[in-house]
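Worksheet: one structure, shown below.
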Amino acid sequence: MGKSAEYCITAVAVTDEGEKVETAFSNTVKVRRPRPSVHGGISIDAGEGVDSEDSEILEETDDYYDSERYAENTEEYSDAKESGYKNAVTDPVSTFSADVDTASYANLRRLIKGGDTISEDAVRIEEMLNYFDYNYVQPTGESPFSLTYELSDCPWNKGSKLMMIGVQGRDIPEEKTPNSNLVFLIDVSGSMYSNDKLPLVIESVNTLMDTMTENDRISVITYSGNERIVLAGARGNQTKTVETVTGMLDANGCTDGESGIRAAYELAEKYYIEGGNNRIILASDGDLNVGITDTDELVKLIEEKRESGIYLTTLGFGGDNLKDEKMEALADNGNGSYHYIDSAKEARKVLLEERNSTLYTIAKDVKLQVEFNPQNVKSYRLVGYDNRRLNNEDFENDAKDAGDVGAGHSVTVLYEIIPADGSKTGGLKYQQNTGKNSDEWCTLKVRYKLPEETKSRMISAAIKGSLYSPAEKMSTRMRFACAVTEFGLILKDSDYKGTASLSDIKKLLSGIGSKIGCSDDLEELVRLYEEKYGE
């Protein structure tokens, strides 16, 4: 830019030279400068961009940031009842969708650092577990998944055992990653005004740009009172172009997320890459107040679009008015994942260090089902996944949507188990057994579809009591998962927290160090929680 002036972008790209340049490679913009107003445009080389005759100079808006509206905390979280113990005789089968979202952990970190009240609905233990890398073994066969399982004692419930299941997705070597067609859908409404929102969104977009190549496509759409194409079909190596247009964004106005979502899918379809990674990345606090605002109606809109082969990933920002429920629902039903960005460090983790997991789907509609053997299991409790539970018949129903898993992602699951006395019953696999399965505690099944397929595949494994190791011989990964879970039970003030305590968590974390990725972050968060909230 020529002069140092502050702009609010309301369309595509600007300059202060007073010139309007329309070409086949750019859109033209109208901008608003605080004082005085200047209208103009520059040519943004965006490869095969939107033709100039399709461009539109949009009117300036009188919308503004209403500070009083966002002064009170209006955060919203989904209300899911915590799962209790199930009788293995009368209810031997547990079925649920995979979940690789990590938003809950990062959002809880934000709340704890701020000393804020923590809603129990903000605590999703499965997302806390899946925030971390447990170094499970990579798959070696045709399946995109490997299965790991362990049995030990439950640290917070001395009368129970604990079963840990790890489902590890295959990673993709850098040279084999597909080309990407990414559409950044950025909320620039008034609620995105603060530094932990729009400025952090811009930094996050620029972080991801460091990984893009000339074979990738980048588009940017903003939405507030209405949607605007800021950049269409730029090459992935046009980093300066993206930095220029995103660096001029400003927050003002209401939030018409519906129109932005529709426009993002249209643009993603325009630059669709066959066999590539076609994905919308929605960056917002989720506070939609114009157009469709009801979560269920937004989900219906996303469900209509997801069959196009375009995925939707959501990134949550900021607090006070975070609509976590909407952001989670949009990602879950858009065949993507939901992450919360509370810092530049978290943006690097999600978009740079874990880029493959975030961007490249290796399996869709991933479901887990566990059938317990009542001969060895009296009752069981699935920890977390409270809003991921499925009916048992959904497991074999390929029309039933479930979670998608990215390259290198893992899904970690814990069950509390109360052992049985060994008496036999009648019923399913184990209820028809003749004694040959007497050491089996359960059978794990994982059903999934490859990204381009409509018929599911399945892998399974029998988990035996002989795997049991006492607490003092518990593996490092299981000790860490127990520490995460105990912390979640305390934060949630769970009815099932038993003897969970911060001192126990610190003992479990002792000596783990770098053996688990980001373990130091959990240690610091536990210390901070104790400092701000007490034991």
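In the structure tokens, chains take the letters A, B, ... in the order shown, each chain's residues start at 1, and ligands count up from 1 in the order shown.
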
Give me the residues of stretch 346-461 of chain A that have any atom at most 12 Å from an atom of stretch 102-110 of chain A; for each, the nearest atom pair and the distance in Å, rounded to one decimal. Use only C-alpha atoms, sort by chain and number, and format it as CSV.
residue,atom,partner,partner_atom,distance
A:Glu346,CA,A:Ala106,CA,7.9
A:Ala347,CA,A:Ala106,CA,10.7
A:Lys349,CA,A:Ala106,CA,11.1
A:Val350,CA,A:Thr102,CA,9.2
A:Glu354,CA,A:Thr102,CA,11.6
A:Ser357,CA,A:Thr102,CA,11.5
A:Thr358,CA,A:Thr102,CA,10.5
A:Gly384,CA,A:Ser104,CA,11.8
A:His409,CA,A:Thr102,CA,11.0
A:Ser410,CA,A:Thr102,CA,11.4
A:Val411,CA,A:Thr102,CA,10.9
A:Thr412,CA,A:Thr102,CA,11.9

Margin query: Could you pull out the helix (DSSP H, G or I) residues of stretch 218-408 of chain A, going by DSSP on the backbone, and write them as a PyMOL selection string?
Written below: chain A and resi 239-247+257-270+295-308+324-333+344-353+355-359+392-396

Note to self: At a cut-off of 7 Å, using only C-alpha atoms, what residues contact A:Asn157? Leave out same-chain residues fewer than 2 positions from it and give the result as a PyMOL selection string.
What the structure shows: chain A and resi 154-155+159-160+498-499

Note to self: Just want the 8 Å neighbourhood of A:Tyr380, counted on only C-alpha atoms, with same-chain residues fewer than 2 positions away dropped. Output as an MDAnalysis selection string.
What the structure shows: chainID A and resid 85:88 377:378 382 415:418

Residues from last step as file, C-alpha atoms, as an mmCIF file, in the first residue's frame:
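As written to disk, again-v6.cif reads:
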data_model
loop_
_atom_site.group_PDB
_atom_site.id
_atom_site.type_symbol
_atom_site.label_atom_id
_atom_site.label_comp_id
_atom_site.auth_asym_id
_atom_site.auth_seq_id
_atom_site.Cartn_x
_atom_site.Cartn_y
_atom_site.Cartn_z
ATOM 1 C CA TYR A 85 -22.925 -47.308 34.105
ATOM 2 C CA LYS A 86 -24.597 -49.874 31.832
ATOM 3 C CA ASN A 87 -25.432 -53.444 32.807
ATOM 4 C CA ALA A 88 -23.473 -55.812 30.582
ATOM 5 C CA VAL A 377 -17.883 -57.608 32.818
ATOM 6 C CA LYS A 378 -20.672 -56.740 35.252
ATOM 7 C CA LEU A 382 -18.048 -44.861 28.477
ATOM 8 C CA TYR A 415 -14.229 -47.286 29.630
ATOM 9 C CA GLU A 416 -14.649 -47.750 33.358
ATOM 10 C CA ILE A 417 -15.412 -51.423 33.953
ATOM 11 C CA ILE A 418 -16.711 -53.251 37.008
#
